[in-house]
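So this block is my_file-v1.cif, mmCIF, C-alpha atoms and all ligand atoms:
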```cif
data_final
#
loop_
_atom_site.group_PDB
_atom_site.id
_atom_site.type_symbol
_atom_site.label_atom_id
_atom_site.label_comp_id
_atom_site.auth_asym_id
_atom_site.auth_seq_id
_atom_site.Cartn_x
_atom_site.Cartn_y
_atom_site.Cartn_z
ATOM 1 C CA PRO Z 21 0.000 0.000 0.000
ATOM 2 C CA SER Z 22 1.007 3.599 -0.511
ATOM 3 C CA PRO Z 23 2.556 5.188 2.617
ATOM 4 C CA THR Z 24 0.536 8.387 2.071
ATOM 5 C CA ASN Z 25 -2.777 7.030 0.764
ATOM 6 C CA PRO Z 26 -4.059 3.700 2.157
ATOM 7 C CA ASN Z 27 -6.560 3.369 -0.722
ATOM 8 C CA LYS Z 28 -3.785 3.224 -3.287
ATOM 9 C CA THR Z 29 -1.506 0.267 -4.048
ATOM 10 C CA PHE Z 30 1.942 0.820 -5.500
ATOM 11 C CA GLU Z 31 4.537 -1.561 -6.890
ATOM 12 C CA TYR Z 32 8.120 -0.468 -6.170
ATOM 13 C CA ARG Z 33 11.322 -1.224 -8.035
ATOM 14 C CA ILE Z 34 14.835 -0.114 -7.177
ATOM 15 C CA MET Z 35 17.411 0.101 -9.957
ATOM 16 C CA PRO Z 36 21.052 1.285 -10.129
ATOM 17 C CA TYR Z 37 21.305 4.825 -11.576
ATOM 18 C CA GLY Z 38 24.800 5.797 -12.606
ATOM 19 C CA ASP Z 39 27.654 4.775 -10.331
ATOM 20 C CA ALA Z 40 26.534 6.245 -7.054
ATOM 21 C CA HIS Z 41 22.757 6.465 -7.182
ATOM 22 C CA LEU Z 42 19.697 4.293 -6.946
ATOM 23 C CA LEU Z 43 16.461 4.960 -8.786
ATOM 24 C CA LEU Z 44 13.154 4.160 -7.065
ATOM 25 C CA ILE Z 45 10.279 3.555 -9.489
ATOM 26 C CA ALA Z 46 6.772 3.504 -8.022
ATOM 27 C CA ARG Z 47 3.934 2.280 -10.229
ATOM 28 C CA ASP Z 48 0.303 2.812 -9.285
ATOM 29 C CA ILE Z 49 -1.287 -0.663 -9.528
ATOM 30 C CA THR Z 50 -4.474 0.208 -7.601
ATOM 31 C CA ARG Z 51 -6.764 -0.569 -10.542
ATOM 32 C CA VAL Z 52 -4.926 -3.797 -11.422
ATOM 33 C CA SER Z 53 -5.151 -5.123 -7.865
ATOM 34 C CA GLN Z 54 -8.842 -4.110 -7.602
ATOM 35 C CA LEU Z 55 -9.571 -6.052 -10.798
ATOM 36 C CA GLU Z 56 -7.581 -9.015 -9.485
ATOM 37 C CA GLU Z 57 -9.638 -8.997 -6.260
ATOM 38 C CA MET Z 58 -12.864 -8.855 -8.307
ATOM 39 C CA ARG Z 59 -11.709 -11.789 -10.403
ATOM 40 C CA LYS Z 60 -10.916 -13.856 -7.320
ATOM 41 C CA ASP Z 61 -14.294 -13.048 -5.710
ATOM 42 C CA PHE Z 62 -16.121 -13.826 -8.934
ATOM 43 C CA VAL Z 63 -14.459 -17.234 -9.366
ATOM 44 C CA ALA Z 64 -15.051 -18.132 -5.713
ATOM 45 C CA ASN Z 65 -18.736 -17.118 -5.858
ATOM 46 C CA VAL Z 66 -19.484 -18.830 -9.168
ATOM 47 C CA SER Z 67 -17.795 -22.052 -8.039
ATOM 48 C CA HIS Z 68 -19.763 -21.986 -4.821
ATOM 49 C CA GLU Z 69 -23.082 -21.381 -6.597
ATOM 50 C CA LEU Z 70 -22.450 -24.181 -9.112
ATOM 51 C CA ARG Z 71 -21.871 -26.716 -6.381
ATOM 52 C CA THR Z 72 -25.509 -27.144 -5.276
ATOM 53 C CA PRO Z 73 -27.172 -27.728 -8.689
ATOM 54 C CA LEU Z 74 -24.416 -30.182 -9.575
ATOM 55 C CA THR Z 75 -24.897 -32.126 -6.367
ATOM 56 C CA VAL Z 76 -28.624 -32.410 -7.162
ATOM 57 C CA ILE Z 77 -27.973 -33.587 -10.756
ATOM 58 C CA ASN Z 78 -25.411 -36.096 -9.514
ATOM 59 C CA GLY Z 79 -27.783 -37.389 -6.860
ATOM 60 C CA TYR Z 80 -30.495 -38.137 -9.441
ATOM 61 C CA LEU Z 81 -28.010 -39.653 -11.909
ATOM 62 C CA GLU Z 82 -26.800 -42.063 -9.266
ATOM 63 C CA ILE Z 83 -30.280 -43.426 -8.499
ATOM 64 C CA LEU Z 84 -31.562 -43.659 -12.084
ATOM 65 C CA PRO Z 85 -31.314 -47.259 -13.321
ATOM 66 C CA HIS Z 86 -28.738 -47.722 -16.087
ATOM 67 C CA ASP Z 87 -27.219 -51.177 -15.971
ATOM 68 C CA GLU Z 88 -26.063 -53.312 -18.914
ATOM 69 C CA LYS Z 89 -29.612 -54.567 -19.388
ATOM 70 C CA SER Z 90 -31.044 -51.105 -20.087
ATOM 71 C CA ASP Z 91 -31.439 -49.701 -23.583
ATOM 72 C CA PRO Z 92 -27.848 -49.387 -24.978
ATOM 73 C CA PHE Z 93 -28.346 -45.699 -25.820
ATOM 74 C CA VAL Z 94 -29.642 -44.931 -22.329
ATOM 75 C CA HIS Z 95 -26.769 -46.896 -20.794
ATOM 76 C CA LYS Z 96 -24.200 -44.994 -22.887
ATOM 77 C CA ALA Z 97 -25.822 -41.611 -22.201
ATOM 78 C CA MET Z 98 -26.069 -42.243 -18.464
ATOM 79 C CA THR Z 99 -22.456 -43.439 -18.195
ATOM 80 C CA GLU Z 100 -21.237 -40.348 -20.065
ATOM 81 C CA MET Z 101 -23.383 -37.979 -17.972
ATOM 82 C CA ILE Z 102 -22.088 -39.475 -14.726
ATOM 83 C CA SER Z 103 -18.478 -39.190 -15.849
ATOM 84 C CA GLN Z 104 -18.899 -35.586 -17.057
ATOM 85 C CA THR Z 105 -20.710 -34.504 -13.881
ATOM 86 C CA GLN Z 106 -17.883 -36.035 -11.863
ATOM 87 C CA ARG Z 107 -15.376 -34.056 -13.935
ATOM 88 C CA MET Z 108 -17.306 -30.874 -13.346
ATOM 89 C CA GLN Z 109 -17.439 -31.569 -9.612
ATOM 90 C CA ASN Z 110 -13.660 -32.117 -9.506
ATOM 91 C CA LEU Z 111 -13.144 -28.874 -11.388
ATOM 92 C CA ILE Z 112 -15.362 -26.903 -9.022
ATOM 93 C CA GLU Z 113 -13.729 -28.425 -5.947
ATOM 94 C CA ASP Z 114 -10.285 -27.484 -7.318
ATOM 95 C CA LEU Z 115 -11.443 -23.935 -8.132
ATOM 96 C CA LEU Z 116 -12.714 -23.592 -4.562
ATOM 97 C CA VAL Z 117 -9.441 -24.950 -3.146
ATOM 98 C CA LEU Z 118 -7.510 -22.466 -5.278
ATOM 99 C CA SER Z 119 -9.732 -19.543 -4.192
ATOM 100 C CA ARG Z 120 -9.365 -20.558 -0.556
ATOM 101 C CA ILE Z 121 -5.569 -20.711 -0.829
ATOM 102 C CA GLU Z 122 -5.387 -17.372 -2.669
ATOM 103 C CA ALA Z 123 -7.430 -15.743 0.088
ATOM 104 C CA SER Z 124 -5.709 -17.639 2.899
ATOM 105 C CA SER Z 125 -4.421 -15.524 5.746
ATOM 106 C CA GLU Z 126 -3.805 -18.547 7.964
ATOM 107 C CA ARG Z 127 -0.449 -18.204 9.656
ATOM 108 C CA ILE Z 128 1.970 -20.915 8.776
ATOM 109 C CA TYR Z 129 3.806 -20.870 12.110
ATOM 110 C CA GLU Z 130 0.727 -21.641 14.198
ATOM 111 C CA ASN Z 131 0.353 -25.343 13.392
ATOM 112 C CA ILE Z 132 2.694 -28.303 13.280
ATOM 113 C CA VAL Z 133 2.181 -30.713 10.388
ATOM 114 C CA ASN Z 134 3.064 -34.356 11.002
ATOM 115 C CA MET Z 135 4.465 -34.912 7.531
ATOM 116 C CA PRO Z 136 5.242 -38.660 7.918
ATOM 117 C CA SER Z 137 1.580 -39.278 8.785
ATOM 118 C CA VAL Z 138 0.286 -37.037 5.952
ATOM 119 C CA LEU Z 139 2.575 -38.826 3.496
ATOM 120 C CA ALA Z 140 1.602 -42.285 4.801
ATOM 121 C CA GLN Z 141 -2.005 -41.485 3.925
ATOM 122 C CA ILE Z 142 -1.035 -40.159 0.491
ATOM 123 C CA GLU Z 143 0.933 -43.383 -0.046
ATOM 124 C CA ARG Z 144 -2.174 -45.494 0.669
ATOM 125 C CA GLU Z 145 -4.248 -43.370 -1.713
ATOM 126 C CA ALA Z 146 -1.570 -43.557 -4.406
ATOM 127 C CA GLN Z 147 -1.400 -47.355 -4.111
ATOM 128 C CA ALA Z 148 -5.199 -47.531 -4.470
ATOM 129 C CA LEU Z 149 -5.040 -45.269 -7.534
ATOM 130 C CA ASN Z 150 -2.270 -47.449 -8.913
ATOM 131 C CA LYS Z 151 -4.380 -50.595 -9.363
ATOM 132 C CA GLN Z 152 -4.600 -50.244 -13.145
ATOM 133 C CA LYS Z 153 -1.168 -48.787 -13.836
ATOM 134 C CA GLN Z 154 0.846 -51.285 -11.762
ATOM 135 C CA HIS Z 155 3.704 -48.859 -11.106
ATOM 136 C CA ARG Z 156 6.342 -49.548 -8.521
ATOM 137 C CA ILE Z 157 5.787 -46.713 -6.055
ATOM 138 C CA VAL Z 158 8.344 -46.267 -3.273
ATOM 139 C CA PHE Z 159 8.135 -43.684 -0.477
ATOM 140 C CA HIS Z 160 11.393 -42.685 1.274
ATOM 141 C CA ILE Z 161 10.219 -40.718 4.313
ATOM 142 C CA ALA Z 162 12.331 -39.270 7.141
ATOM 143 C CA PRO Z 163 10.340 -40.411 10.191
ATOM 144 C CA ASP Z 164 10.550 -37.377 12.505
ATOM 145 C CA LEU Z 165 10.603 -34.537 10.018
ATOM 146 C CA TYR Z 166 7.663 -32.296 11.000
ATOM 147 C CA ILE Z 167 7.045 -28.765 9.758
ATOM 148 C CA TYR Z 168 5.128 -25.592 10.563
ATOM 149 C CA GLY Z 169 2.435 -25.018 7.976
ATOM 150 C CA VAL Z 170 -1.179 -25.334 6.916
ATOM 151 C CA GLU Z 171 -1.878 -29.074 6.825
ATOM 152 C CA THR Z 172 -4.736 -29.055 4.274
ATOM 153 C CA GLU Z 173 -2.629 -26.995 1.886
ATOM 154 C CA ILE Z 174 0.543 -29.055 2.222
ATOM 155 C CA ARG Z 175 -1.466 -32.275 1.887
ATOM 156 C CA SER Z 176 -3.075 -30.957 -1.277
ATOM 157 C CA ALA Z 177 0.301 -29.913 -2.791
ATOM 158 C CA CYS Z 178 2.017 -33.246 -2.056
ATOM 159 C CA SER Z 179 -0.907 -35.380 -3.213
ATOM 160 C CA ASN Z 180 -1.253 -33.429 -6.464
ATOM 161 C CA LEU Z 181 2.404 -34.110 -7.284
ATOM 162 C CA VAL Z 182 2.212 -37.804 -6.364
ATOM 163 C CA PHE Z 183 -1.104 -38.454 -8.158
ATOM 164 C CA ASN Z 184 0.152 -36.630 -11.277
ATOM 165 C CA ALA Z 185 3.140 -38.991 -11.395
ATOM 166 C CA VAL Z 186 0.755 -41.968 -11.143
ATOM 167 C CA HIS Z 187 -1.529 -40.570 -13.880
ATOM 168 C CA TYR Z 188 1.076 -39.397 -16.379
ATOM 169 C CA THR Z 189 3.608 -42.224 -16.131
ATOM 170 C CA PRO Z 190 2.858 -45.033 -18.593
ATOM 171 C CA SER Z 191 1.981 -48.414 -17.033
ATOM 172 C CA GLU Z 192 4.557 -50.339 -15.021
ATOM 173 C CA GLY Z 193 6.661 -47.272 -14.372
ATOM 174 C CA GLU Z 194 8.707 -46.431 -11.319
ATOM 175 C CA ILE Z 195 7.904 -43.597 -8.946
ATOM 176 C CA HIS Z 196 9.985 -42.495 -5.956
ATOM 177 C CA VAL Z 197 8.761 -40.012 -3.352
ATOM 178 C CA TYR Z 198 11.302 -38.371 -1.020
ATOM 179 C CA TRP Z 199 10.826 -36.358 2.181
ATOM 180 C CA GLU Z 200 14.204 -35.594 3.728
ATOM 181 C CA THR Z 201 16.397 -32.918 5.209
ATOM 182 C CA CYS Z 202 18.715 -31.032 2.890
ATOM 183 C CA GLU Z 203 21.254 -28.210 3.237
ATOM 184 C CA THR Z 204 18.679 -25.403 3.362
ATOM 185 C CA GLY Z 205 15.735 -27.168 5.015
ATOM 186 C CA ALA Z 206 13.385 -30.011 4.172
ATOM 187 C CA ARG Z 207 12.953 -31.338 0.662
ATOM 188 C CA PHE Z 208 9.963 -33.074 -0.924
ATOM 189 C CA ALA Z 209 10.454 -34.679 -4.340
ATOM 190 C CA VAL Z 210 8.519 -36.929 -6.681
ATOM 191 C CA VAL Z 211 10.615 -38.637 -9.331
ATOM 192 C CA ASP Z 212 9.061 -40.673 -12.135
ATOM 193 C CA ASN Z 213 10.428 -42.464 -15.178
ATOM 194 C CA GLY Z 214 7.544 -41.420 -17.445
ATOM 195 C CA ASP Z 215 7.578 -39.700 -20.839
ATOM 196 C CA GLY Z 216 8.967 -36.412 -19.530
ATOM 197 C CA ILE Z 217 7.816 -32.955 -20.594
ATOM 198 C CA GLU Z 218 9.282 -30.767 -23.349
ATOM 199 C CA ALA Z 219 11.140 -27.688 -22.111
ATOM 200 C CA THR Z 220 8.702 -25.294 -23.860
ATOM 201 C CA HIS Z 221 5.863 -26.548 -21.645
ATOM 202 C CA VAL Z 222 7.728 -26.758 -18.358
ATOM 203 C CA ASN Z 223 7.576 -23.011 -17.527
ATOM 204 C CA ARG Z 224 3.855 -22.882 -18.197
ATOM 205 C CA LEU Z 225 2.721 -25.969 -16.253
ATOM 206 C CA THR Z 226 1.672 -24.028 -13.147
ATOM 207 C CA GLU Z 227 -0.669 -21.738 -15.130
ATOM 208 C CA ARG Z 228 -4.358 -22.372 -14.535
ATOM 209 C CA PHE Z 229 -5.789 -24.927 -16.955
ATOM 210 C CA TYR Z 230 -2.473 -25.416 -18.769
ATOM 211 C CA ARG Z 231 -2.037 -28.975 -20.001
ATOM 212 C CA VAL Z 232 0.551 -30.503 -22.295
ATOM 213 C CA ASP Z 233 -1.817 -32.916 -23.971
ATOM 214 C CA LYS Z 234 -5.382 -31.740 -23.445
ATOM 215 C CA ALA Z 235 -7.099 -34.903 -24.622
ATOM 216 C CA ARG Z 236 -4.939 -37.236 -22.537
ATOM 217 C CA SER Z 237 -5.070 -35.061 -19.447
ATOM 218 C CA ARG Z 238 -8.863 -34.867 -19.663
ATOM 219 C CA LYS Z 239 -9.031 -38.667 -19.631
ATOM 220 C CA THR Z 240 -7.243 -38.689 -16.269
ATOM 221 C CA GLY Z 241 -10.179 -36.675 -14.879
ATOM 222 C CA GLY Z 242 -7.915 -33.819 -13.725
ATOM 223 C CA SER Z 243 -9.011 -30.198 -13.767
ATOM 224 C CA GLY Z 244 -5.815 -28.597 -15.074
ATOM 225 C CA LEU Z 245 -5.566 -26.703 -11.775
ATOM 226 C CA GLY Z 246 -3.413 -29.133 -9.767
ATOM 227 C CA LEU Z 247 -0.023 -27.521 -10.328
ATOM 228 C CA SER Z 248 -1.526 -24.075 -9.961
ATOM 229 C CA ILE Z 249 -2.741 -25.138 -6.514
ATOM 230 C CA VAL Z 250 0.767 -26.461 -5.726
ATOM 231 C CA LYS Z 251 2.322 -23.142 -6.779
ATOM 232 C CA HIS Z 252 0.018 -21.098 -4.518
ATOM 233 C CA VAL Z 253 0.474 -23.429 -1.534
ATOM 234 C CA LEU Z 254 4.251 -23.201 -1.892
ATOM 235 C CA SER Z 255 4.251 -19.449 -2.242
ATOM 236 C CA HIS Z 256 2.184 -19.281 0.983
ATOM 237 C CA HIS Z 257 4.961 -21.363 2.619
ATOM 238 C CA ASN Z 258 7.734 -19.184 1.141
ATOM 239 C CA SER Z 259 8.822 -21.857 -1.302
ATOM 240 C CA ARG Z 260 8.499 -22.615 -4.999
ATOM 241 C CA LEU Z 261 8.079 -25.611 -7.261
ATOM 242 C CA ASP Z 262 11.114 -26.903 -9.166
ATOM 243 C CA ILE Z 263 10.459 -28.986 -12.258
ATOM 244 C CA ALA Z 264 13.228 -30.926 -13.989
ATOM 245 C CA SER Z 265 12.212 -33.108 -16.891
ATOM 246 C CA THR Z 266 13.862 -34.953 -19.746
ATOM 247 C CA VAL Z 267 11.786 -36.240 -22.644
ATOM 248 C CA GLY Z 268 11.932 -40.023 -22.758
ATOM 249 C CA GLU Z 269 13.476 -40.294 -19.277
ATOM 250 C CA GLY Z 270 11.047 -38.833 -16.763
ATOM 251 C CA SER Z 271 10.295 -35.897 -14.515
ATOM 252 C CA GLN Z 272 11.126 -34.610 -11.079
ATOM 253 C CA PHE Z 273 8.817 -32.223 -9.219
ATOM 254 C CA SER Z 274 10.303 -30.920 -5.973
ATOM 255 C CA PHE Z 275 10.305 -28.137 -3.420
ATOM 256 C CA VAL Z 276 12.359 -27.150 -0.395
ATOM 257 C CA LEU Z 277 10.815 -25.715 2.772
ATOM 258 C CA ASP Z 278 13.191 -23.406 4.542
ATOM 259 C CA ARG Z 279 14.840 -24.746 7.699
ATOM 260 C CA GLU Z 280 12.876 -22.147 9.716
ATOM 261 C CA LEU Z 281 9.775 -24.205 8.931
ATOM 262 C CA ILE Z 282 11.165 -27.428 10.371
ATOM 263 C CA ALA Z 283 9.312 -28.104 13.606
ATOM 264 C CA GLU Z 284 10.939 -31.202 15.017
ATOM 265 C CA GLN Z 285 13.603 -33.676 14.077
ATOM 266 C CA GLY Z 286 14.405 -36.935 15.804
HETATM 267 P P1 LIG C 1 -4.148 -31.927 -14.609
HETATM 268 O O1 LIG C 1 -3.360 -33.090 -14.110
HETATM 269 O O2 LIG C 1 -5.466 -31.801 -13.927
HETATM 270 O O3 LIG C 1 -4.245 -31.842 -16.100
HETATM 271 P P2 LIG C 1 -2.027 -30.276 -13.436
HETATM 272 O O4 LIG C 1 -1.964 -28.792 -13.233
HETATM 273 O O5 LIG C 1 -1.877 -31.140 -12.242
HETATM 274 O O6 LIG C 1 -3.393 -30.565 -14.185
HETATM 275 O O7 LIG C 1 -0.906 -30.693 -14.480
HETATM 276 C C1 LIG C 1 -0.753 -29.914 -15.673
HETATM 277 C C2 LIG C 1 -0.161 -30.755 -16.773
HETATM 278 O O8 LIG C 1 1.205 -31.060 -16.467
HETATM 279 C C3 LIG C 1 -0.833 -32.095 -16.979
HETATM 280 O O9 LIG C 1 -1.978 -31.983 -17.781
HETATM 281 C C4 LIG C 1 0.267 -32.900 -17.645
HETATM 282 O O10 LIG C 1 0.278 -32.622 -19.032
HETATM 283 C C5 LIG C 1 1.561 -32.304 -17.046
HETATM 284 N N1 LIG C 1 2.154 -33.142 -15.979
HETATM 285 C C6 LIG C 1 1.974 -33.003 -14.647
HETATM 286 N N2 LIG C 1 2.691 -33.900 -13.956
HETATM 287 C C7 LIG C 1 3.335 -34.668 -14.866
HETATM 288 C C8 LIG C 1 4.248 -35.775 -14.794
HETATM 289 N N3 LIG C 1 4.644 -36.303 -13.619
HETATM 290 N N4 LIG C 1 4.714 -36.281 -15.963
HETATM 291 C C9 LIG C 1 4.344 -35.767 -17.150
HETATM 292 N N5 LIG C 1 3.494 -34.712 -17.291
HETATM 293 C C10 LIG C 1 2.985 -34.172 -16.171
#
```

As structure tokens, the full file:
Amino acid sequence: PSPTNPNKTFEYRIMPYGDAHLLLIARDITRVSQLEEMRKDFVANVSHELRTPLTVINGYLEILPHDEKSDPFVHKAMTEMISQTQRMQNLIEDLLVLSRIEASSERIYENIVNMPSVLAQIEREAQALNKQKQHRIVFHIAPDLYIYGVETEIRSACSNLVFNAVHYTPSEGEIHVYWETCETGARFAVVDNGDGIEATHVNRLTERFYRVDKARSRKTGGSGLGLSIVKHVLSHHNSRLDIASTVGEGSQFSFVLDRELIAEQG
């Protein structure tokens, strides 16, 4: 905010000016930040309003009879409607999660997150999700490495990265998940031996709705918001997502939480 007018928002930049001076550039971004706030409110409200009608539609779809014995057209139409409503529900849930994280003022130092327990649950969910793909999934978890943070957010970030590896690695792949101390703090990493991602896409993956292969990603049932959620969670925890990928070899998605966020180590 501006020091002289609390209703104005400025963006400041300091640049070298000649040998002995610094130049301070202040840009009035009041309008831009107002529009950004309006956008966030709009998305949050629309997502919230769409939830109820969808729940009603889904409820009716689930009780309408549509087994193999029904008319083939009805069976096909019902199956498609159920799958598309599910997709829409996932999308709305992810939009709400994203809005919540964007608006989150929850302090990260107020709660301790038992990461080994959070990751043990994610491991069980990943193994359940893995039934069809038959990957070898191995978790390497430091047992007493707890952190300060917002548990729902951290859980959402880690599970998005693990489930993406399960979804986007071709069958019978190998996935390793690491949670360990490192030089600057605690490091979480998901390493897969999937198809990898071309460099041109890598920088754009955390944009909302950005997908490398739209058709294939849609089949996984994802919303295209997963990595955007991860990015916001990490920025709330003063970290950022690192993506290293080689086409034909696999990908590594990782982040480091600063050592100040480590709560307890055995
Ligand atoms: P979604 O999975 O819902 O499409 P995400 O934001 O989670 O959305 O991921 C964006 C895109 O990044 C995916 O559509 C996919 O193309 C790519 N991607 C994510 N994780 C991986 C991975 N481990 N290997 C290959 N591609 C990936």

Kindly provide, as a ChimeraX atom specification, all nucleotide and amino acid residues lying within 9 Å of ligand LIG 1 (chain C), counting all atoms listed in the file.
-> /Z:111,180-189,210-217,221-222,224-234,236-238,240-250,265,270-273

To verify the selection step, state as a ChimeraX atom specification which residues the PyMOL selection byres (((chain Z and resi 169) around 8) and not hetatm) yields on this input.
-> /Z:127-133,167-168,170-171,174,257,281

Show which residues sit within 10 Å of Arg33 of chain Z, as number ranges by chain. Count all atoms listed in the file, and ignore same-chain residues fewer than 2 positions away.
-> Z: 30-31, 35, 43-47

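In this model, the gap between atom CA of Val63 of chain Z and atom CA of Arg107 of chain Z comes to 17.5 Å.
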
Asn258 of chain Z environment, 8 Å, all atoms listed in the file, sequence neighbours closer than 2 positions dropped, as an mmCIF file with C-alpha atoms, in the frame of the given file:
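Generated file (result.cif):
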```cif
data_model
loop_
_atom_site.group_PDB
_atom_site.id
_atom_site.type_symbol
_atom_site.label_atom_id
_atom_site.label_comp_id
_atom_site.auth_asym_id
_atom_site.auth_seq_id
_atom_site.Cartn_x
_atom_site.Cartn_y
_atom_site.Cartn_z
ATOM 1 C CA LEU Z 254 4.251 -23.201 -1.892
ATOM 2 C CA SER Z 255 4.251 -19.449 -2.242
ATOM 3 C CA HIS Z 256 2.184 -19.281 0.983
ATOM 4 C CA ARG Z 260 8.499 -22.615 -4.999
ATOM 5 C CA LEU Z 277 10.815 -25.715 2.772
ATOM 6 C CA ASP Z 278 13.191 -23.406 4.542
#
```

Determine the residue set returned by the PyMOL selection byres (((chain Z and resi 23-27) around 12) and not hetatm) for the present structure, and present it as number ranges by chain.
-> Z: 21-22, 28-32, 46, 48-51, 53-54

Result set of the PyMOL selection byres (((chain Z and resi 261) around 6) and not hetatm) on the coordinates above, as a list in words |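 With the PyMOL selection byres (((chain Z and resi 261) around 6) and not hetatm) on this model, the match is Arg260, Asp262, Ser274 and Phe275 of chain Z.
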
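Counting all atoms listed in the file, the residue from Z:Met101, Z:Thr172, Z:Leu165, Z:Ser125 that sits nearest to Phe208 of chain Z is Z:Leu165.
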
So that all listed atoms of segment 37-48 of chain Z fit with 4 Å spare on each side, what axis-aligned box centre and edge lengths in Å, to one decimal, would you give as JSON?
```
{"center_x": 14.0, "center_y": 4.4, "center_z": -9.8, "size_x": 35.4, "size_y": 12.2, "size_z": 13.7}
```
